[in-house]
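> So here's input-v5.cif (mmCIF, C-alpha atoms).
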```cif
data_coords
#
loop_
_atom_site.label_atom_id
_atom_site.label_comp_id
_atom_site.auth_asym_id
_atom_site.auth_seq_id
_atom_site.Cartn_x
_atom_site.Cartn_y
_atom_site.Cartn_z
CA MET B 1 -16.46 -7.32 -13.16
CA ASP B 2 -16.28 -5.59 -9.77
CA LYS B 3 -14.31 -7.23 -7.02
CA ARG B 4 -16.25 -8.73 -4.15
CA ASP B 5 -15.85 -7.46 -0.63
CA TYR B 6 -12.87 -9.23 0.95
CA TYR B 7 -14.76 -9.96 4.17
CA GLU B 8 -17.55 -11.50 2.11
CA VAL B 9 -15.03 -13.62 0.20
CA LEU B 10 -13.69 -15.13 3.43
CA GLY B 11 -17.08 -15.26 5.11
CA VAL B 12 -16.02 -13.22 8.16
CA ASN B 13 -17.18 -10.03 9.84
CA LYS B 14 -15.33 -6.71 9.73
CA ASP B 15 -14.49 -6.99 13.41
CA SER B 16 -13.14 -10.54 13.11
CA LYS B 17 -9.83 -11.28 14.78
CA LYS B 18 -6.74 -12.38 12.87
CA GLU B 19 -7.09 -15.95 14.10
CA ASP B 20 -10.65 -16.16 12.76
CA ILE B 21 -9.58 -14.72 9.41
CA LYS B 22 -6.73 -17.21 9.12
CA LYS B 23 -9.01 -20.09 10.10
CA ALA B 24 -11.57 -19.12 7.45
CA TYR B 25 -8.81 -18.72 4.89
CA ARG B 26 -7.34 -22.17 5.52
CA LYS B 27 -10.78 -23.75 5.23
CA LEU B 28 -11.51 -22.08 1.89
CA VAL B 29 -8.05 -22.73 0.47
CA LYS B 30 -8.50 -26.39 1.21
CA LYS B 31 -11.93 -26.33 -0.43
CA TYR B 32 -10.93 -24.58 -3.65
CA HIS B 33 -7.33 -25.75 -4.08
CA PRO B 34 -6.86 -26.67 -7.78
CA ASP B 35 -5.29 -30.00 -6.83
CA VAL B 36 -8.42 -30.95 -4.91
CA ASN B 37 -11.32 -29.15 -6.58
CA LYS B 38 -11.64 -29.71 -10.33
CA GLU B 39 -14.96 -27.85 -10.73
CA ASP B 40 -15.23 -24.90 -13.09
CA GLY B 41 -14.41 -21.63 -11.35
CA ALA B 42 -12.60 -23.29 -8.43
CA GLU B 43 -9.23 -21.86 -9.44
CA GLU B 44 -10.65 -18.33 -9.71
CA LYS B 45 -12.21 -18.65 -6.26
CA PHE B 46 -8.91 -19.99 -4.93
CA LYS B 47 -7.10 -16.88 -6.22
CA GLU B 48 -9.86 -14.62 -4.88
CA VAL B 49 -9.52 -16.17 -1.42
CA GLN B 50 -5.74 -15.72 -1.51
CA GLU B 51 -6.04 -12.08 -2.51
CA ALA B 52 -8.57 -11.37 0.24
CA TYR B 53 -6.40 -13.02 2.88
CA GLU B 54 -3.23 -11.23 1.77
CA VAL B 55 -4.96 -7.90 2.47
CA LEU B 56 -6.95 -8.73 5.61
CA SER B 57 -4.05 -10.56 7.30
CA ASP B 58 -1.87 -7.45 7.12
CA ASP B 59 -2.77 -4.68 9.58
CA THR B 60 -1.67 -1.83 7.32
CA LYS B 61 -3.42 -3.15 4.22
CA ARG B 62 -6.54 -4.01 6.21
CA GLN B 63 -6.76 -0.50 7.64
CA ALA B 64 -6.41 1.02 4.16
CA TYR B 65 -9.05 -1.37 2.79
CA ASP B 66 -11.49 -0.65 5.64
CA GLN B 67 -11.23 3.09 5.00
CA TYR B 68 -10.96 3.31 1.23
CA GLY B 69 -12.09 -0.05 -0.15
CA HIS B 70 -10.24 -1.80 -2.97
CA ALA B 71 -8.75 1.49 -4.17
CA GLY B 72 -7.01 1.89 -0.82
CA THR B 73 -4.86 -1.19 -1.43
CA GLN B 74 -3.81 -0.37 -4.98
CA GLY B 75 -0.28 0.50 -3.81
CA PHE B 76 0.18 -2.92 -2.27
CA ASP B 77 1.20 -5.96 -4.29
CA PRO B 78 0.62 -9.20 -2.37
CA ARG B 79 3.39 -10.84 -4.37
CA SER B 80 5.99 -8.09 -4.04
CA GLY B 81 7.34 -8.94 -0.60
CA ASN B 82 10.78 -10.38 -0.06
CA GLY B 83 11.00 -13.77 1.61
CA GLY B 84 7.30 -14.11 2.39
CA GLY B 85 5.76 -17.46 3.26
CA TYR B 86 4.22 -19.57 0.52
CA GLU B 87 1.23 -21.86 0.82
CA TYR B 88 1.76 -25.50 0.03
CA SER B 89 -0.62 -28.40 0.53
CA TYR B 90 0.14 -31.67 2.23
CA GLY B 91 -2.51 -34.34 2.20
CA GLY B 92 -5.02 -31.74 1.01
CA ALA B 93 -4.48 -29.49 4.06
CA PRO B 94 -2.57 -26.24 3.49
CA PHE B 95 0.24 -25.16 5.76
CA ASP B 96 2.77 -22.36 5.74
CA MET B 97 6.29 -23.51 4.88
CA GLY B 98 7.57 -20.29 6.46
CA ASP B 99 6.59 -21.69 9.87
CA ILE B 100 8.67 -24.83 9.27
CA PHE B 101 11.74 -22.84 8.18
CA ASN B 102 11.42 -20.47 11.10
CA THR B 103 11.28 -23.34 13.57
CA PHE B 104 14.18 -25.45 12.36
CA PHE B 105 16.39 -23.24 10.21
CA GLY B 106 16.56 -19.89 11.92
CA GLY B 107 13.88 -18.05 9.98
CA SER B 108 15.28 -18.37 6.46
CA ASN B 109 13.32 -19.96 3.65
CA ASN B 110 16.07 -19.67 1.08
CA PHE B 111 16.91 -23.36 1.20
CA GLY B 112 16.37 -26.38 -0.96
CA PHE B 113 15.98 -29.84 0.58
CA ASP B 114 17.74 -32.96 -0.65
CA PHE B 115 16.52 -36.14 1.07
CA GLY B 116 18.86 -38.41 -0.86
CA PHE B 117 16.62 -39.02 -3.88
CA GLY B 118 19.16 -37.67 -6.34
CA GLN B 119 17.31 -34.40 -6.96
CA GLN B 120 19.56 -31.51 -7.86
CA ALA B 121 18.80 -28.00 -6.61
CA GLN B 122 18.30 -25.48 -9.36
CA LYS B 123 19.66 -21.97 -9.55
CA GLN B 124 17.13 -19.36 -8.53
CA SER B 125 16.70 -15.86 -9.81
CA LEU B 126 18.10 -13.51 -7.19
CA GLY B 127 15.76 -10.64 -7.96
CA GLY B 128 16.51 -7.02 -7.23
CA GLU B 129 15.89 -5.43 -3.86
CA ASN B 130 12.93 -3.13 -3.38
CA ILE B 131 13.59 0.36 -2.10
CA ARG B 132 11.24 2.61 -0.19
CA TYR B 133 11.02 6.39 0.01
CA ARG B 134 8.66 8.67 1.88
CA MET B 135 7.43 11.81 0.14
CA LYS B 136 5.64 14.72 1.77
CA PHE B 137 2.84 16.48 -0.09
CA THR B 138 0.67 19.43 0.78
CA PHE B 139 -3.02 18.76 1.20
CA ARG B 140 -3.72 20.51 -2.10
CA GLU B 141 -1.11 18.44 -3.97
CA ALA B 142 -2.63 15.24 -2.62
CA MET B 143 -6.10 16.31 -3.69
CA ASP B 144 -5.00 17.34 -7.18
CA GLY B 145 -2.49 14.57 -7.82
CA GLY B 146 -0.08 14.90 -10.72
CA GLU B 147 3.51 14.29 -11.73
CA PHE B 148 6.37 14.87 -9.29
CA THR B 149 10.13 14.41 -9.42
CA ILE B 150 12.08 12.61 -6.71
CA LYS B 151 15.80 11.91 -6.37
CA VAL B 152 16.33 8.17 -6.01
CA LYS B 153 19.64 6.54 -5.12
CA ARG B 154 19.81 2.95 -6.28
CA ASN B 155 22.08 0.23 -7.64
CA VAL B 156 22.14 -0.11 -11.43
CA LYS B 157 24.16 -2.17 -13.88
CA CYS B 158 27.81 -1.19 -13.94
CA SER B 159 28.39 1.13 -16.91
CA LYS B 160 31.84 -0.35 -17.60
CA CYS B 161 31.05 -4.09 -17.64
CA ASN B 162 27.31 -3.78 -18.38
CA GLY B 163 26.47 -5.73 -15.25
CA SER B 164 28.65 -8.75 -16.00
CA GLY B 165 31.14 -7.96 -13.24
CA SER B 166 33.97 -8.79 -15.63
CA ASP B 167 36.31 -6.52 -17.55
CA THR B 168 36.03 -8.94 -20.46
CA GLY B 169 32.24 -8.95 -20.29
CA LYS B 170 32.30 -12.72 -19.76
CA ARG B 171 31.61 -14.96 -16.78
CA LYS B 172 32.67 -18.52 -16.00
CA SER B 173 31.14 -21.35 -14.02
CA CYS B 174 31.65 -21.15 -10.26
CA ASP B 175 34.24 -23.74 -9.23
CA GLU B 176 32.79 -24.10 -5.75
CA CYS B 177 29.17 -24.98 -6.60
CA LYS B 178 29.90 -26.25 -10.14
CA GLY B 179 27.44 -23.80 -11.60
CA THR B 180 24.43 -24.81 -9.50
CA GLY B 181 24.39 -21.69 -7.31
CA ARG B 182 23.91 -23.93 -4.27
CA SER B 183 26.25 -25.50 -1.73
CA ARG B 184 25.36 -28.46 0.49
CA ARG B 185 25.61 -28.79 4.24
CA ILE B 186 24.33 -31.28 6.81
CA GLN B 187 21.64 -30.05 9.22
CA ASN B 188 20.70 -31.96 12.38
CA SER B 189 16.99 -32.01 13.17
CA PHE B 190 14.44 -34.08 15.05
CA LEU B 191 14.14 -36.16 11.87
CA GLY B 192 17.84 -36.94 11.94
CA GLN B 193 20.43 -35.57 9.57
CA ILE B 194 19.13 -33.69 6.55
CA SER B 195 21.18 -32.58 3.59
CA VAL B 196 20.35 -28.91 3.06
CA MET B 197 21.17 -26.93 -0.07
CA SER B 198 21.96 -23.28 0.68
CA GLN B 199 23.07 -20.40 -1.47
CA CYS B 200 26.67 -20.56 -2.64
CA THR B 201 28.71 -17.93 -0.81
CA LYS B 202 31.29 -17.55 -3.56
CA CYS B 203 28.99 -16.75 -6.48
CA GLY B 204 26.04 -15.45 -4.45
CA GLY B 205 23.72 -18.06 -5.95
CA MET B 206 24.35 -17.10 -9.58
CA GLY B 207 26.32 -20.20 -10.48
CA SER B 208 28.95 -18.10 -12.24
CA ILE B 209 31.77 -15.70 -11.39
CA PRO B 210 33.51 -12.96 -13.42
CA GLU B 211 36.15 -14.16 -15.83
CA GLN B 212 38.21 -11.08 -14.95
CA VAL B 213 36.99 -8.92 -12.07
CA CYS B 214 35.78 -5.51 -13.24
CA SER B 215 38.03 -2.72 -11.95
CA LYS B 216 35.09 -0.31 -11.51
CA CYS B 217 32.51 -2.41 -9.66
CA ASN B 218 34.95 -4.97 -8.17
CA GLY B 219 33.02 -7.82 -9.76
CA THR B 220 29.61 -6.97 -8.34
CA GLY B 221 28.23 -5.87 -11.71
CA LEU B 222 26.57 -2.94 -9.95
CA GLU B 223 27.20 0.73 -9.30
CA SER B 224 25.35 3.28 -7.17
CA LYS B 225 23.59 6.05 -9.04
CA THR B 226 21.33 8.95 -8.06
CA GLU B 227 18.60 9.68 -10.59
CA ASN B 228 15.71 12.11 -10.96
CA VAL B 229 12.65 9.89 -11.24
CA LYS B 230 9.22 11.16 -12.30
CA ILE B 231 6.32 9.59 -10.46
CA ARG B 232 2.58 10.15 -10.79
CA ILE B 233 0.47 10.56 -7.66
CA PRO B 234 -3.27 9.84 -8.06
CA ALA B 235 -5.73 12.59 -7.21
CA GLY B 236 -7.11 11.94 -3.74
CA ALA B 237 -3.95 10.30 -2.38
CA TYR B 238 -4.20 9.86 1.37
CA ASP B 239 -1.70 9.95 4.23
CA GLY B 240 0.03 6.57 4.57
CA MET B 241 -0.79 5.43 1.04
CA VAL B 242 1.92 3.27 -0.56
CA LEU B 243 2.48 3.41 -4.31
CA ARG B 244 4.47 0.82 -6.24
CA PHE B 245 6.57 1.62 -9.32
CA ARG B 246 7.82 -1.50 -11.05
CA GLU B 247 11.56 -1.92 -11.64
CA GLY B 248 12.33 1.36 -9.90
CA GLY B 249 14.40 -0.38 -7.21
CA ASN B 250 17.91 -1.84 -7.01
CA ALA B 251 19.37 -4.09 -9.67
CA SER B 252 20.48 -7.58 -8.71
CA LEU B 253 23.53 -9.56 -9.80
CA ASP B 254 21.48 -11.29 -12.47
CA GLY B 255 20.23 -8.01 -13.93
CA GLU B 256 16.70 -7.95 -12.50
CA TYR B 257 15.35 -4.84 -10.82
CA GLY B 258 13.31 -4.58 -7.67
CA ASP B 259 10.47 -2.11 -7.26
CA LEU B 260 10.28 1.40 -5.90
CA PHE B 261 7.71 2.00 -3.16
CA ILE B 262 6.65 5.55 -2.32
CA GLU B 263 4.93 6.14 1.01
CA VAL B 264 2.74 9.22 0.81
CA GLU B 265 2.79 11.68 3.70
CA VAL B 266 0.09 14.34 3.45
CA GLU B 267 0.39 17.54 5.46
CA PRO B 268 -2.81 18.42 7.33
CA SER B 269 -5.01 21.18 5.92
CA GLU B 270 -5.79 24.27 7.93
CA LYS B 271 -9.22 24.40 6.31
CA PHE B 272 -10.40 20.83 5.78
CA ASP B 273 -10.54 17.66 7.82
CA ARG B 274 -10.60 14.47 5.75
CA ARG B 275 -12.56 11.37 6.75
CA GLY B 276 -12.42 8.77 4.02
CA ASN B 277 -13.59 10.46 0.83
CA ASP B 278 -15.54 13.19 2.65
CA LEU B 279 -14.22 16.56 3.77
CA TYR B 280 -15.32 18.62 6.76
CA SER B 281 -14.94 22.37 7.29
CA VAL B 282 -16.23 25.20 9.45
CA GLU B 283 -17.65 28.44 8.02
CA SER B 284 -18.53 31.59 9.94
CA ILE B 285 -21.57 33.59 8.82
CA PRO B 286 -22.87 36.96 10.05
CA ILE B 287 -25.48 36.79 12.78
CA HIS B 288 -28.07 38.56 10.64
CA THR B 289 -27.68 35.89 7.93
CA ALA B 290 -28.25 33.18 10.51
CA VAL B 291 -31.38 34.95 11.74
CA LEU B 292 -32.85 36.15 8.45
CA GLY B 293 -31.38 33.57 6.07
CA GLY B 294 -29.57 34.28 2.84
CA LYS B 295 -26.85 33.01 0.56
CA VAL B 296 -23.14 32.74 1.32
CA TYR B 297 -20.12 31.49 -0.60
CA ILE B 298 -18.06 28.75 1.05
CA GLU B 299 -14.67 27.36 0.10
CA SER B 300 -14.27 23.86 -1.34
CA ILE B 301 -11.15 22.25 -2.80
CA THR B 302 -12.30 23.00 -6.35
CA LYS B 303 -14.16 26.33 -6.19
CA ASP B 304 -16.29 28.65 -4.10
CA VAL B 305 -19.73 27.11 -3.67
CA LYS B 306 -22.96 29.04 -3.09
CA LEU B 307 -24.76 27.78 0.00
CA LYS B 308 -28.33 28.71 0.93
CA ILE B 309 -28.76 29.49 4.62
CA PRO B 310 -32.33 29.09 5.93
CA SER B 311 -33.64 31.68 8.38
CA GLY B 312 -33.14 30.72 12.00
CA THR B 313 -30.02 28.63 11.34
CA GLN B 314 -28.43 27.68 14.65
CA PRO B 315 -24.69 27.57 15.40
CA GLY B 316 -23.35 24.06 14.82
CA THR B 317 -25.80 23.28 12.00
CA ILE B 318 -24.15 21.05 9.40
CA PHE B 319 -24.83 21.33 5.67
CA ARG B 320 -23.93 18.66 3.13
CA VAL B 321 -22.55 19.75 -0.26
CA LYS B 322 -22.61 16.76 -2.61
CA GLY B 323 -19.63 16.02 -4.83
CA GLU B 324 -17.28 18.59 -3.29
CA GLY B 325 -15.22 16.17 -1.21
CA ALA B 326 -11.98 14.32 -1.97
CA PRO B 327 -11.52 12.55 -5.33
CA ILE B 328 -12.44 8.87 -5.07
CA LEU B 329 -9.49 6.68 -6.01
CA GLY B 330 -10.11 4.49 -9.02
CA LYS B 331 -13.24 6.42 -10.07
CA ASP B 332 -12.37 9.32 -12.33
CA GLY B 333 -14.69 12.28 -11.92
CA TYR B 334 -16.26 11.02 -8.69
CA ARG B 335 -15.82 12.75 -5.36
CA GLY B 336 -17.00 12.40 -1.82
CA ASP B 337 -19.06 15.09 -0.12
CA LEU B 338 -18.24 18.24 1.80
CA TYR B 339 -19.83 18.75 5.21
CA VAL B 340 -19.91 22.36 6.43
CA ARG B 341 -20.52 23.20 10.08
CA ILE B 342 -21.90 26.71 10.57
CA ASP B 343 -20.35 29.01 13.12
CA VAL B 344 -22.24 32.26 13.79
CA ASP B 345 -20.03 35.34 13.96
CA ILE B 346 -21.20 37.32 16.98
CA PRO B 347 -19.64 40.83 17.10
CA LYS B 348 -17.59 41.57 20.19
CA ARG B 349 -17.93 45.33 19.89
CA LEU B 350 -20.93 47.41 18.77
CA THR B 351 -21.30 50.96 17.66
CA LYS B 352 -23.84 53.14 19.47
CA GLU B 353 -26.27 52.73 16.60
CA GLN B 354 -25.83 48.95 16.51
CA LYS B 355 -26.31 48.76 20.26
CA ARG B 356 -29.49 50.85 20.02
CA LEU B 357 -30.91 48.60 17.31
CA TRP B 358 -30.14 45.45 19.31
CA GLU B 359 -31.79 46.97 22.37
CA GLU B 360 -34.90 47.80 20.36
CA LEU B 361 -34.91 44.25 19.01
CA GLY B 362 -34.60 42.94 22.53
CA GLU B 363 -37.62 44.94 23.62
CA VAL B 364 -39.66 43.43 20.81
#
```
Produce structure tokens that represent the structure in this file.

Amino acid sequence: MDKRDYYEVLGVNKDSKKEDIKKAYRKLVKKYHPDVNKEDGAEEKFKEVQEAYEVLSDDTKRQAYDQYGHAGTQGFDPRSGNGGGYEYSYGGAPFDMGDIFNTFFGGSNNFGFDFGFGQQAQKQSLGGENIRYRMKFTFREAMDGGEFTIKVKRNVKCSKCNGSGSDTGKRKSCDECKGTGRSRRIQNSFLGQISVMSQCTKCGGMGSIPEQVCSKCNGTGLESKTENVKIRIPAGAYDGMVLRFREGGNASLDGEYGDLFIEVEVEPSEKFDRRGNDLYSVESIPIHTAVLGGKVYIESITKDVKLKIPSGTQPGTIFRVKGEGAPILGKDGYRGDLYVRIDVDIPKRLTKEQKRLWEELGEV
């Protein structure tokens, strides 16, 4: 089933401001939240609304979506960000917990709250860090796509201790946090004193420490390594496109890997100008072909295309060649169109015979 237009999902116009988009989002989230709406299909609509907002609330993703549709956002994963805000509901009305953390706890949301009800904070998966590289491609490479090799420097599991951080390969419970991965401190706020659980500084939130510190990685369980990584670029990749490769990033202390993000930089073409999926070019034709008409061969990104020139064609006339534009992302075998603007080649110098013929033509 095809995805619906994100603007249609949120019920806003394409020129809507961020505040209007957020307002529409909050209204729909409240309406379709699974805890409130038990009707069939409500959960699917709730997820659809979230996906639409995650794209339209981000300037970069929104620009890519406006220009290339759903295919333009395929490199973005709304759930791949580090430390992003999460939507919770209170009394049926959604609000962003990130705003609360930013206001009272200096912008960090890596806390657990203990209000004295005997609840114990649980260890959290640390997750690996994402890494980002920018790769430059020629216009032709971006149009054709294919497999490319890139050198990536990242943190991987230590080869000596296999990521345990210990020469013995074993870890023991952290004596500071008693294995919870969290340490407690008292935070003053407008509500009074609140007991806040933060990440344990000794074990880094893992709840355990090396039994015997590894001599190679100094107990981190990680080592830096440069690898040749093969990546596949889709045909029709555009400048500024971001591609995600799962588990291509840095390893974490608990053995999980982040993702590798490749930002595509496309060198401009001397021949073609790209606008969305369509290409634009300029072709010069002899003056006699413009006057009398005829057939010429023009360059496209796939082949030379025969173009019929009607008699009396004026300079600046634009011809459309269907299916000779840029490959359309997500639609194998489909392309945009090529628009060719005709430039008439007027000779700067004439032979005596040519001059005589033009004079005779002028007299006619």
> Applied to this file, what does the PyMOL selection byres ((chain B and resi 309) around 7) return in terms of residues, put as a tab-separated table (two decimals) with C-alpha atoms, in the coordinates of the input?

```
chain	number	residue	atom	x	y	z
B	290	ALA	CA	-28.25	33.18	10.51
B	293	GLY	CA	-31.38	33.57	6.07
B	294	GLY	CA	-29.57	34.28	2.84
B	295	LYS	CA	-26.85	33.01	0.56
B	307	LEU	CA	-24.76	27.78	0.00
B	308	LYS	CA	-28.33	28.71	0.93
B	310	PRO	CA	-32.33	29.09	5.93
B	311	SER	CA	-33.64	31.68	8.38
B	313	THR	CA	-30.02	28.63	11.34
```
> Using the chain letters and numbering of this document, enumerate as a PDB file with C-alpha atoms, keeping the file's coordinate frame the residues selected by the PyMOL selection byres ((chain B and resi 178-188) around 6).

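The result, stored in selection.pdb:
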```pdb
ATOM      1  CA  LYS B 123      19.660 -21.970  -9.550  1.00  0.00           C
ATOM      2  CA  SER B 173      31.140 -21.350 -14.020  1.00  0.00           C
ATOM      3  CA  CYS B 174      31.650 -21.150 -10.260  1.00  0.00           C
ATOM      4  CA  ASP B 175      34.240 -23.740  -9.230  1.00  0.00           C
ATOM      5  CA  GLU B 176      32.790 -24.100  -5.750  1.00  0.00           C
ATOM      6  CA  CYS B 177      29.170 -24.980  -6.600  1.00  0.00           C
ATOM      7  CA  SER B 189      16.990 -32.010  13.170  1.00  0.00           C
ATOM      8  CA  GLY B 192      17.840 -36.940  11.940  1.00  0.00           C
ATOM      9  CA  GLN B 193      20.430 -35.570   9.570  1.00  0.00           C
ATOM     10  CA  ILE B 194      19.130 -33.690   6.550  1.00  0.00           C
ATOM     11  CA  SER B 195      21.180 -32.580   3.590  1.00  0.00           C
ATOM     12  CA  VAL B 196      20.350 -28.910   3.060  1.00  0.00           C
ATOM     13  CA  MET B 197      21.170 -26.930  -0.070  1.00  0.00           C
ATOM     14  CA  SER B 198      21.960 -23.280   0.680  1.00  0.00           C
ATOM     15  CA  GLN B 199      23.070 -20.400  -1.470  1.00  0.00           C
ATOM     16  CA  CYS B 200      26.670 -20.560  -2.640  1.00  0.00           C
ATOM     17  CA  GLY B 205      23.720 -18.060  -5.950  1.00  0.00           C
ATOM     18  CA  MET B 206      24.350 -17.100  -9.580  1.00  0.00           C
ATOM     19  CA  GLY B 207      26.320 -20.200 -10.480  1.00  0.00           C
ATOM     20  CA  SER B 208      28.950 -18.100 -12.240  1.00  0.00           C
TER      21      SER B 208
END
```
> Please write as a PDB file with C-alpha atoms, in the coordinates of the input the full residue list that the PyMOL selection byres ((chain B and resi 227) around 10) yields on this file.

```
ATOM      1  CA  THR B 149      10.130  14.410  -9.420  1.00  0.00           C
ATOM      2  CA  ILE B 150      12.080  12.610  -6.710  1.00  0.00           C
ATOM      3  CA  LYS B 151      15.800  11.910  -6.370  1.00  0.00           C
ATOM      4  CA  VAL B 152      16.330   8.170  -6.010  1.00  0.00           C
ATOM      5  CA  LYS B 153      19.640   6.540  -5.120  1.00  0.00           C
ATOM      6  CA  ARG B 154      19.810   2.950  -6.280  1.00  0.00           C
ATOM      7  CA  SER B 224      25.350   3.280  -7.170  1.00  0.00           C
ATOM      8  CA  LYS B 225      23.590   6.050  -9.040  1.00  0.00           C
ATOM      9  CA  THR B 226      21.330   8.950  -8.060  1.00  0.00           C
ATOM     10  CA  ASN B 228      15.710  12.110 -10.960  1.00  0.00           C
ATOM     11  CA  VAL B 229      12.650   9.890 -11.240  1.00  0.00           C
ATOM     12  CA  LYS B 230       9.220  11.160 -12.300  1.00  0.00           C
TER      13      LYS B 230
END
```
> Using all atoms listed in the file, which of the listed residues (B:Val156, B:Tyr6, B:Tyr32, B:Gly163) sits closest to Lys61 in chain B?
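Among the listed residues, B:Tyr6 lies closest to Lys61 in chain B.
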> To box range 323-341 of chain B, take all atoms listed in the file, fit an axis-aligned box, add 5 Å on each side, and give centre and edge lengths in Å to one decimal, as JSON.

```
{"center_x": -15.0, "center_y": 13.8, "center_z": -1.1, "size_x": 21.0, "size_y": 28.7, "size_z": 32.4}
```
